[in-house]
$ cat data_35.csv   # CSV, C-alpha atoms and all ligand atoms
chain,number,residue,atom,x,y,z
S,26,MET,CA,-28.3,15.3,-15.5
S,27,THR,CA,-26.2,14.9,-12.4
S,28,ALA,CA,-26.9,17.4,-9.5
S,29,SER,CA,-24.1,20.0,-9.1
S,30,ILE,CA,-21.6,19.6,-6.3
S,31,LYS,CA,-21.0,22.1,-3.5
S,32,ARG,CA,-19.4,20.0,-0.9
S,33,ILE,CA,-17.1,17.0,-0.9
S,34,ALA,CA,-15.4,14.9,1.7
S,35,ILE,CA,-12.1,13.1,1.7
S,36,SER,CA,-11.3,9.8,3.5
S,37,THR,CA,-7.8,8.2,3.8
S,38,GLY,CA,-8.0,4.5,4.7
S,39,GLY,CA,-5.7,1.5,5.2
S,40,GLY,CA,-2.0,1.7,5.8
S,41,ASP,CA,-0.5,5.1,5.2
S,42,ALA,CA,1.7,5.7,2.1
S,43,PRO,CA,3.9,8.5,1.1
S,44,GLY,CA,1.9,10.8,-1.2
S,45,LEU,CA,-1.4,10.9,0.8
S,46,ASN,CA,-0.9,14.5,1.8
S,47,ALA,CA,-0.2,15.4,-1.8
S,48,VAL,CA,-3.5,13.9,-2.9
S,49,ILE,CA,-5.3,15.7,-0.1
S,50,ARG,CA,-3.7,19.0,-1.1
S,51,SER,CA,-4.5,18.5,-4.8
S,52,VAL,CA,-8.2,17.6,-4.1
S,53,VAL,CA,-8.7,20.6,-1.8
S,54,LEU,CA,-7.1,23.0,-4.3
S,55,ALA,CA,-8.9,21.6,-7.3
S,56,ALA,CA,-12.2,21.7,-5.4
S,57,ALA,CA,-11.6,25.3,-4.3
S,58,GLN,CA,-11.0,26.3,-7.9
S,59,ARG,CA,-14.6,25.1,-8.6
S,60,GLY,CA,-16.0,26.9,-5.6
S,61,TRP,CA,-16.6,23.6,-3.7
S,62,GLU,CA,-16.1,23.2,0.0
S,63,CYS,CA,-13.9,20.3,1.2
S,64,TYR,CA,-14.1,18.3,4.4
S,65,GLY,CA,-11.7,15.7,5.8
S,66,ILE,CA,-12.9,12.6,7.6
S,67,ARG,CA,-10.5,11.5,10.4
S,68,GLU,CA,-8.9,8.1,10.4
S,69,GLY,CA,-10.8,6.4,7.5
S,70,PHE,CA,-14.5,6.6,8.5
S,71,ASN,CA,-13.9,6.6,12.2
S,72,GLY,CA,-14.4,10.4,12.3
S,73,ILE,CA,-18.1,9.7,11.4
S,74,LEU,CA,-18.6,6.3,13.1
S,75,LEU,CA,-16.8,7.1,16.5
S,76,PRO,CA,-17.5,10.8,17.0
S,77,ASP,CA,-16.8,10.7,20.7
S,78,ARG,CA,-13.1,10.0,19.9
S,79,TYR,CA,-12.7,13.4,18.3
S,80,PRO,CA,-13.3,16.3,20.7
S,81,HIS,CA,-12.4,18.7,17.9
S,82,ASN,CA,-14.7,17.0,15.3
S,83,GLY,CA,-14.2,13.8,13.4
S,84,VAL,CA,-14.9,15.7,10.2
S,85,THR,CA,-13.1,18.9,9.6
S,86,ARG,CA,-13.2,21.7,7.0
S,87,LEU,CA,-10.2,21.7,4.8
S,88,THR,CA,-9.3,25.0,3.2
S,89,ALA,CA,-6.5,25.9,0.9
S,90,ASP,CA,-4.7,27.4,3.9
S,91,GLN,CA,-4.9,24.1,5.8
S,92,VAL,CA,-3.2,22.1,3.0
S,93,ARG,CA,-0.4,24.7,2.4
S,94,GLY,CA,3.0,23.1,2.4
S,95,ILE,CA,1.9,19.5,3.1
S,96,GLY,CA,2.6,17.9,-0.3
S,97,HIS,CA,6.1,16.7,0.5
S,98,LEU,CA,5.2,15.3,3.9
S,99,GLY,CA,4.7,11.5,4.6
S,100,GLY,CA,1.7,10.2,6.4
S,101,THR,CA,-1.8,11.8,6.2
S,102,ILE,CA,-2.9,14.9,8.0
S,103,LEU,CA,-6.3,13.1,8.4
S,104,GLY,CA,-5.0,10.0,10.1
S,105,THR,CA,-5.9,6.6,8.8
S,106,THR,CA,-6.7,3.1,10.1
S,107,ASN,CA,-6.6,-0.4,8.7
S,108,HIS,CA,-9.3,-1.7,11.0
S,109,GLY,CA,-12.2,0.7,10.5
S,110,ASN,CA,-14.1,-1.0,7.7
S,111,PRO,CA,-17.7,0.5,7.9
S,112,LEU,CA,-19.1,-2.6,6.2
S,113,ARG,CA,-17.7,-4.8,8.9
S,114,PHE,CA,-17.2,-2.5,11.8
S,115,ALA,CA,-15.8,-4.2,14.9
S,116,THR,CA,-18.4,-3.5,17.6
S,117,THR,CA,-18.4,-4.6,21.2
S,118,MET,CA,-21.8,-6.2,22.0
S,119,PRO,CA,-23.7,-6.0,25.3
S,120,ASP,CA,-22.4,-9.5,26.1
S,121,GLY,CA,-18.8,-8.4,25.7
S,122,SER,CA,-18.3,-10.3,22.4
S,123,VAL,CA,-16.9,-8.4,19.4
S,124,GLN,CA,-18.9,-8.6,16.2
S,125,GLU,CA,-18.6,-7.1,12.8
S,126,ILE,CA,-21.6,-4.8,12.0
S,127,ASN,CA,-22.4,-3.0,8.7
S,128,ARG,CA,-22.5,0.7,9.5
S,129,SER,CA,-22.7,2.1,6.0
S,130,ALA,CA,-26.2,3.6,6.8
S,131,ASP,CA,-24.5,5.8,9.4
S,132,ILE,CA,-22.2,7.2,6.8
S,133,HIS,CA,-25.0,8.0,4.4
S,134,ALA,CA,-27.0,9.7,7.1
S,135,TYR,CA,-24.1,11.8,8.2
S,136,LEU,CA,-23.2,12.9,4.7
S,137,LYS,CA,-26.8,13.8,4.0
S,138,LYS,CA,-27.1,15.8,7.2
S,139,MET,CA,-23.9,17.7,6.4
S,140,ASP,CA,-25.0,18.3,2.7
S,141,ILE,CA,-21.9,16.5,1.5
S,142,ASP,CA,-22.5,15.6,-2.1
S,143,ALA,CA,-19.6,13.3,-2.9
S,144,LEU,CA,-16.7,11.4,-1.4
S,145,VAL,CA,-13.1,10.9,-2.5
S,146,CYS,CA,-11.8,7.7,-1.0
S,147,ILE,CA,-8.0,7.3,-1.1
S,148,GLY,CA,-6.8,3.8,-0.3
S,149,GLY,CA,-5.9,0.4,-1.3
S,150,ASP,CA,-8.0,-2.7,-2.0
S,151,GLY,CA,-9.9,-2.5,1.3
S,152,THR,CA,-10.8,1.2,1.0
S,153,LEU,CA,-11.7,0.9,-2.7
S,154,THR,CA,-14.0,-2.1,-1.9
S,155,ILE,CA,-15.7,0.1,0.7
S,156,ALA,CA,-15.9,2.9,-1.9
S,157,HIS,CA,-17.5,0.6,-4.4
S,158,ALA,CA,-20.1,-0.6,-1.9
S,159,LEU,CA,-21.0,3.0,-0.9
S,160,HIS,CA,-21.3,3.8,-4.6
S,161,LEU,CA,-23.7,0.9,-5.2
S,162,GLN,CA,-25.8,2.2,-2.2
S,163,GLY,CA,-26.2,5.5,-4.1
S,164,LEU,CA,-23.4,7.7,-3.0
S,165,ARG,CA,-21.2,9.7,-5.4
S,166,VAL,CA,-17.8,8.3,-4.9
S,167,VAL,CA,-14.4,8.4,-6.7
S,168,GLY,CA,-11.4,6.3,-5.6
S,169,VAL,CA,-7.7,7.1,-5.6
S,170,PRO,CA,-5.3,4.2,-5.7
S,171,LYS,CA,-2.8,4.2,-2.8
S,172,THR,CA,-0.5,1.5,-1.5
S,173,ILE,CA,3.2,0.9,-1.2
S,174,ASP,CA,2.5,-2.7,-2.2
S,175,ASN,CA,1.4,-1.8,-5.8
S,176,ASP,CA,-1.0,-4.7,-5.7
S,177,LEU,CA,-4.0,-2.8,-7.1
S,178,ASP,CA,-5.3,-3.8,-10.5
S,179,LYS,CA,-6.1,-1.5,-13.5
S,180,THR,CA,-3.5,1.1,-12.7
S,181,PHE,CA,0.1,1.0,-13.9
S,182,THR,CA,1.2,1.9,-10.4
S,183,THR,CA,-0.1,3.2,-7.1
S,184,PHE,CA,1.4,6.2,-5.3
S,185,GLY,CA,3.7,5.2,-2.4
S,186,PHE,CA,5.2,2.3,-4.3
S,187,ASP,CA,8.1,4.3,-5.9
S,188,THR,CA,9.0,5.8,-2.5
S,189,ALA,CA,9.0,2.3,-0.8
S,190,VAL,CA,11.1,0.8,-3.7
S,191,SER,CA,13.6,3.7,-3.6
S,192,PHE,CA,14.1,3.4,0.2
S,193,ALA,CA,14.4,-0.4,0.1
S,194,THR,CA,17.0,0.0,-2.7
S,195,GLU,CA,19.1,2.4,-0.6
S,196,CYS,CA,18.9,0.1,2.4
S,197,ILE,CA,20.0,-3.0,0.3
S,198,ASP,CA,22.8,-0.9,-1.2
S,199,ARG,CA,24.1,-0.3,2.3
S,200,LEU,CA,23.8,-3.9,3.3
S,201,HIS,CA,26.2,-5.0,0.5
S,202,SER,CA,29.3,-3.6,2.2
S,203,THR,CA,28.6,-4.9,5.7
S,204,ALA,CA,27.6,-8.3,4.3
S,205,GLU,CA,30.8,-8.5,2.2
S,206,SER,CA,33.0,-7.2,5.1
S,207,HIS,CA,31.7,-10.0,7.4
S,208,GLN,CA,31.3,-12.7,4.6
S,209,ARG,CA,27.7,-13.1,5.7
S,210,ILE,CA,24.3,-13.8,4.3
S,211,MET,CA,22.0,-10.9,4.9
S,212,VAL,CA,18.3,-11.7,4.6
S,213,VAL,CA,16.2,-8.6,4.0
S,214,GLU,CA,12.4,-8.8,4.6
S,215,VAL,CA,10.2,-6.2,2.9
S,216,MET,CA,6.5,-5.5,3.0
S,217,GLY,CA,4.1,-6.1,0.1
S,218,ARG,CA,1.4,-8.5,1.5
S,219,TYR,CA,0.6,-11.2,-1.0
S,220,ALA,CA,2.4,-9.6,-3.9
S,221,GLY,CA,6.1,-9.4,-4.6
S,222,TRP,CA,6.3,-6.0,-6.3
S,223,ILE,CA,8.5,-4.2,-3.7
S,224,ALA,CA,10.9,-7.1,-3.4
S,225,LEU,CA,11.2,-7.6,-7.2
S,226,HIS,CA,11.8,-4.0,-8.1
S,227,SER,CA,14.1,-3.1,-5.2
S,228,GLY,CA,15.9,-6.4,-5.5
S,229,ILE,CA,16.8,-5.9,-9.1
S,230,ALA,CA,17.7,-2.2,-8.6
S,231,ALA,CA,20.0,-3.1,-5.7
S,232,ASN,CA,21.6,-6.3,-7.0
S,233,ALA,CA,20.1,-8.8,-4.6
S,234,HIS,CA,21.4,-12.3,-5.3
S,235,ALA,CA,18.1,-14.0,-4.5
S,236,ILE,CA,14.6,-12.5,-4.6
S,237,LEU,CA,11.7,-14.5,-3.1
S,238,ILE,CA,8.2,-13.4,-3.9
S,239,PRO,CA,4.8,-14.9,-3.1
S,240,GLU,CA,4.1,-15.6,-6.8
S,241,ILE,CA,7.1,-18.0,-7.0
S,242,PRO,CA,7.2,-20.5,-4.1
S,243,TYR,CA,10.8,-21.1,-3.2
S,244,ASP,CA,12.9,-24.2,-2.5
S,245,PRO,CA,15.5,-23.3,0.3
S,246,GLU,CA,18.0,-25.8,-1.2
S,247,LYS,CA,18.1,-23.7,-4.4
S,248,ILE,CA,19.0,-20.6,-2.4
S,249,ALA,CA,21.6,-22.5,-0.4
S,250,THR,CA,23.1,-23.8,-3.6
S,251,MET,CA,23.3,-20.3,-5.1
S,252,ILE,CA,25.1,-19.1,-1.9
S,253,LYS,CA,27.6,-21.9,-2.0
S,254,ARG,CA,28.3,-21.4,-5.6
S,255,ARG,CA,29.0,-17.7,-5.0
S,256,ASP,CA,31.4,-18.7,-2.2
S,257,GLU,CA,33.2,-21.1,-4.6
S,258,ASN,CA,33.6,-18.2,-7.0
S,259,GLY,CA,35.1,-16.0,-4.3
S,260,ARG,CA,32.0,-13.9,-3.8
S,261,ASN,CA,31.6,-14.9,-0.2
S,262,TYR,CA,28.6,-12.9,0.8
S,263,SER,CA,25.0,-13.0,-0.4
S,264,ILE,CA,21.9,-10.8,-0.1
S,265,VAL,CA,18.6,-12.6,-0.1
S,266,LEU,CA,15.6,-10.4,-0.4
S,267,ALA,CA,12.3,-11.9,0.8
S,268,ALA,CA,8.8,-10.4,0.4
S,269,GLU,CA,6.9,-10.8,3.7
S,270,GLY,CA,4.3,-13.0,1.8
S,271,ALA,CA,6.9,-15.3,0.2
S,272,LEU,CA,6.4,-18.9,0.9
S,273,ALA,CA,8.3,-22.2,0.5
S,274,VAL,CA,7.0,-24.8,-1.9
S,275,ASN,CA,4.2,-26.6,-0.2
S,276,GLY,CA,4.3,-23.9,2.6
S,277,LEU,CA,2.2,-21.0,3.7
S,278,PRO,CA,3.1,-17.3,4.3
S,279,MET,CA,4.4,-16.7,7.8
S,280,LEU,CA,2.0,-14.8,10.1
S,281,GLN,CA,2.7,-12.4,13.0
S,282,ALA,CA,-1.0,-12.4,13.9
S,283,ALA,CA,-4.1,-14.2,12.6
S,284,ALA,CA,-7.2,-12.3,11.5
S,285,THR,CA,-9.7,-11.3,14.2
S,286,ALA,CA,-12.9,-9.2,14.1
S,287,GLY,CA,-12.1,-6.0,12.3
S,288,HIS,CA,-8.4,-6.9,11.8
S,289,VAL,CA,-6.8,-8.6,8.8
S,290,GLU,CA,-4.0,-11.1,9.3
S,291,ARG,CA,-0.5,-9.6,9.7
S,292,LEU,CA,2.3,-11.1,7.7
S,293,GLY,CA,6.0,-11.3,8.8
S,294,GLY,CA,8.7,-13.4,10.2
S,295,ILE,CA,10.1,-14.9,7.0
S,296,GLY,CA,13.4,-13.0,7.3
S,297,GLU,CA,14.4,-14.5,10.7
S,298,ARG,CA,13.2,-18.0,9.6
S,299,LEU,CA,15.2,-17.9,6.3
S,300,ALA,CA,18.3,-16.5,8.0
S,301,HIS,CA,18.2,-19.4,10.5
S,302,ASP,CA,17.6,-22.0,7.8
S,303,LEU,CA,20.3,-20.7,5.4
S,304,GLN,CA,22.9,-20.5,8.2
S,305,THR,CA,22.2,-24.2,9.0
S,306,MET,CA,22.2,-25.2,5.4
S,307,THR,CA,25.4,-23.4,4.3
S,308,GLY,CA,27.4,-23.1,7.6
S,309,LYS,CA,27.7,-19.3,6.9
S,310,GLU,CA,26.7,-16.7,9.4
S,311,ALA,CA,23.4,-15.1,8.5
S,312,ARG,CA,21.5,-12.0,9.8
S,313,ALA,CA,18.0,-10.8,9.2
S,314,VAL,CA,16.9,-7.2,8.6
S,315,VAL,CA,13.2,-6.3,8.5
S,316,LEU,CA,12.6,-3.0,6.7
S,317,GLY,CA,8.9,-3.1,7.7
S,318,HIS,CA,7.2,0.2,8.3
S,319,LEU,CA,10.3,2.2,7.4
S,320,LEU,CA,9.0,1.6,3.8
S,321,ARG,CA,5.8,3.5,4.6
S,322,GLY,CA,7.5,6.6,6.1
S,323,GLY,CA,9.3,9.6,4.8
S,324,SER,CA,8.8,12.1,2.1
S,325,PRO,CA,7.3,10.9,-1.2
S,326,THR,CA,9.6,10.7,-4.2
S,327,ALA,CA,9.0,13.2,-7.0
S,328,PHE,CA,7.3,10.5,-9.0
S,329,ASP,CA,4.9,9.6,-6.2
S,330,ARG,CA,4.3,13.3,-5.4
S,331,LEU,CA,3.4,14.0,-9.0
S,332,SER,CA,1.2,10.9,-9.4
S,333,ALA,CA,-0.6,11.9,-6.1
S,334,MET,CA,-1.2,15.4,-7.4
S,335,ARG,CA,-2.4,14.1,-10.7
S,336,PHE,CA,-4.7,11.6,-9.0
S,337,GLY,CA,-6.2,14.2,-6.7
S,338,ALA,CA,-6.9,16.7,-9.5
S,339,ALA,CA,-8.3,13.9,-11.7
S,340,ALA,CA,-10.6,12.7,-8.9
S,341,VAL,CA,-12.2,16.2,-8.6
S,342,ARG,CA,-12.4,16.5,-12.4
S,343,ALA,CA,-14.1,13.1,-12.6
S,344,LEU,CA,-16.7,14.3,-10.0
S,345,ASP,CA,-17.2,17.5,-11.9
S,346,GLU,CA,-17.8,15.5,-15.1
S,347,GLY,CA,-20.5,13.6,-13.4
S,348,HIS,CA,-18.7,10.3,-12.8
S,349,SER,CA,-19.2,8.1,-9.8
S,350,GLY,CA,-18.1,4.5,-8.9
S,351,ILE,CA,-14.7,5.0,-10.7
S,352,MET,CA,-11.1,5.0,-9.7
S,353,VAL,CA,-8.6,7.3,-11.2
S,354,ALA,CA,-5.7,5.3,-12.6
S,355,LEU,CA,-2.3,5.7,-14.2
S,356,ALA,CA,-2.3,4.5,-17.8
S,357,PHE,CA,0.9,5.9,-19.1
S,358,PRO,CA,1.2,8.7,-20.1
S,359,ASN,CA,-2.2,9.7,-18.9
S,360,VAL,CA,-4.5,9.4,-16.0
S,361,ASN,CA,-7.8,7.6,-16.9
S,362,TYR,CA,-10.9,6.3,-15.1
S,363,VAL,CA,-11.7,2.7,-14.4
S,364,ALA,CA,-14.8,1.2,-12.9
S,365,LEU,CA,-14.4,0.5,-9.1
S,366,GLU,CA,-16.1,-2.9,-9.8
S,367,GLU,CA,-13.1,-3.9,-11.9
S,368,VAL,CA,-10.7,-3.1,-9.0
S,369,ALA,CA,-12.6,-4.0,-5.8
S,370,GLY,CA,-11.6,-7.3,-4.3
S,371,ARG,CA,-9.0,-8.0,-6.9
S,372,MET,CA,-5.3,-8.2,-6.4
S,373,LYS,CA,-2.5,-7.5,-9.0
S,374,ALA,CA,0.2,-10.1,-8.5
S,375,VAL,CA,3.5,-10.0,-10.4
S,376,PRO,CA,2.7,-11.7,-13.7
S,377,MET,CA,5.0,-14.6,-14.7
S,378,ASP,CA,5.6,-13.0,-18.1
S,379,SER,CA,6.7,-9.7,-16.4
S,380,ASP,CA,9.6,-8.1,-18.2
S,381,THR,CA,11.1,-7.1,-14.8
S,382,LEU,CA,11.0,-10.7,-13.6
S,383,GLN,CA,12.6,-11.8,-16.8
S,384,THR,CA,15.3,-9.2,-16.4
S,385,GLY,CA,16.1,-10.7,-13.0
S,386,ARG,CA,16.3,-14.2,-14.5
S,387,ASP,CA,18.4,-12.9,-17.4
S,388,ILE,CA,21.0,-11.4,-15.1
S,389,GLY,CA,21.2,-14.6,-13.0
S,390,ILE,CA,19.2,-13.7,-9.9
S,391,CYS,CA,17.9,-16.7,-8.0
S,392,PHE,CA,14.2,-16.8,-7.5
S,393,GLY,CA,14.3,-19.9,-5.4
S,394,ASP,CA,12.6,-22.1,-8.1
A,1,LIG,O1,-0.6,-2.7,2.7
A,1,LIG,C1,0.4,-1.9,3.2
A,1,LIG,C2,1.2,-2.7,4.3
A,1,LIG,O2,2.2,-1.9,4.7
A,1,LIG,C3,1.6,-4.1,3.9
A,1,LIG,O3,2.7,-4.1,3.1
A,1,LIG,C4,1.8,-4.7,5.3
A,1,LIG,O4,1.6,-6.1,5.2
A,1,LIG,C5,0.7,-4.1,6.1
A,1,LIG,O5,0.4,-2.9,5.4
A,1,LIG,C6,1.1,-3.8,7.5
A,1,LIG,O6,0.1,-3.2,8.2
A,1,LIG,P1,0.1,-2.7,9.7
A,1,LIG,O7,0.3,-1.2,9.6
A,1,LIG,O8,-1.1,-3.1,10.3
A,1,LIG,O9,1.3,-3.3,10.4
$ encode --input "data_35.csv" --output "structure tokens" --more "lines below"
Ligand code: F6P
Amino acid sequence: MTASIKRIAISTGGGDAPGLNAVIRSVVLAAAQRGWECYGIREGFNGILLPDRYPHNGVTRLTADQVRGIGHLGGTILGTTNHGNPLRFATTMPDGSVQEINRSADIHAYLKKMDIDALVCIGGDGTLTIAHALHLQGLRVVGVPKTIDNDLDKTFTTFGFDTAVSFATECIDRLHSTAESHQRIMVVEVMGRYAGWIALHSGIAANAHAILIPEIPYDPEKIATMIKRRDENGRNYSIVLAAEGALAVNGLPMLQAAATAGHVERLGGIGERLAHDLQTMTGKEARAVVLGHLLRGGSPTAFDRLSAMRFGAAAVRALDEGHSGIMVALAFPNVNYVALEEVAGRMKAVPMDSDTLQTGRDIGICFGD
């Protein structure tokens, strides 16, 4: 028999994604329905691990009043960080060097002191790996899948993805007319880390002429040939959509910054590189547009808002039913639970037999292969 719950805490970790506030609202309201108190940890776990940073408390009480009217807002009212992993917490040592220290014991001690019985961790692969580790150490934890990248396994989709794809689609729609007016190549770079979901979905929705994703290494000659063929057919502009993690055959993804203690590597730069190369290869003027963090901002779409609300309520339900070490997931048409161990440390890439990918091939989109 699992001990009953009176207090829970919420943590939002990793890059922000539209829908985080909707999850927070849903968790707080569903917890309140059960008579549970809810607390919010600031910026991942920093609210616990770096208390001096937060003069007004690194962990704050969240009541129904405090989450009123936040469901449609982008970002997270708790703040987030993608360099605050408590299992490898970047710490400056007395000799000035920075080392990664496991500080999970501090989280357990804090939650025990505060009589917090369970944790809802909202995040992507990094956060859910932390959630899994905390669960193995004896904490009651439920994960909620968040990321614009949609690269989490065992869920049909993550919240944030639909909003990112919708916005990228609108941006590419707008680029068609300016590219056509100037007879240019427009290379659009979108986020997604090592998976091509955002590029694939928005590229097909917005009629990109080439889509380059990490799962399919590209040959620049193939893209140049496609552009020249379009020109010969009187279609003298082209839109090339590149995922930030896309790579040439025998190449590597382009980096903005290498990994350092507490920081993962930062991808980016392929847009400019490709625009330069394609201009040289085709003799046509090319421009690069990087959509970057614009894809993470703004109000969540109705789909993301609804998924977020369903995930939040399901997370509380799961705790109430005595579950721990699970992630709530979308398994159309329902939300189900999957073991965190099946998700932690795994990445969902675009499968080569994907119907969406096949659709792109069927309608003649160039994938650079
Ligand atoms: O994982 C979400 C994401 O937006 C990736 O698509 C991107 O590579 C990364 O985060 C960027 O992170 P940062 O906020 O550190 O620039």
$ closest_residue --input "data_35.csv" --among "S:Ala356, S:Ile197, S:Met377, S:Val314" --to "S:Lys179" --atoms "only C-alpha atoms"
S:Ala356
$ residues_near_ligand --input "data_35.csv" --ligand "ligand LIG 1 (chain A)" --cutoff "6 Å" --atoms "all atoms listed in the file" --output "list in words"
Gly40, Thr172, Ile173, Asp174, Met216, Gly217, Arg218 and Leu292 of chain S
$ closest_residue --input "data_35.csv" --among "S:Leu112, S:Ala56, S:Val360, S:Leu87" --to "S:Ser332" --atoms "only C-alpha atoms"
S:Val360
$ atom_distance --input "data_35.csv" --atom1 "atom CA of S:Ala134" --atom2 "atom CA of S:Ile73"
9.9 Å
$ closest_residue --input "data_35.csv" --among "S:Ala34, S:Leu45, S:Ala282, S:Leu98" --to "S:Phe336" --atoms "only C-alpha atoms"
S:Leu45
$ residues_around --input "data_35.csv" --residues "S:Ala369" --least-positions-apart "2" --cutoff "9 Å" --atoms "all atoms listed in the file" --output "list in words"
Asp150, Gly151, Thr152, Leu153, Thr154, Ile155, Ala156, His157, Leu177, Asp178, Leu365, Glu366, Glu367, Arg371 and Met372 of chain S
$ atom_distance --input "data_35.csv" --atom1 "atom CA of S:Ala193" --atom2 "atom CA of S:Glu214"
9.7 Å
$ closest_residue --input "data_35.csv" --among "S:Gly337, S:Gly109, S:Gly163, S:Gly287" --to "S:Val52" --atoms "all atoms listed in the file"
S:Gly337
$ closest_residue --input "data_35.csv" --among "S:Ala57, S:Ala249, S:Ala273, S:Val341" --to "S:Lys309" --atoms "only C-alpha atoms"
S:Ala249
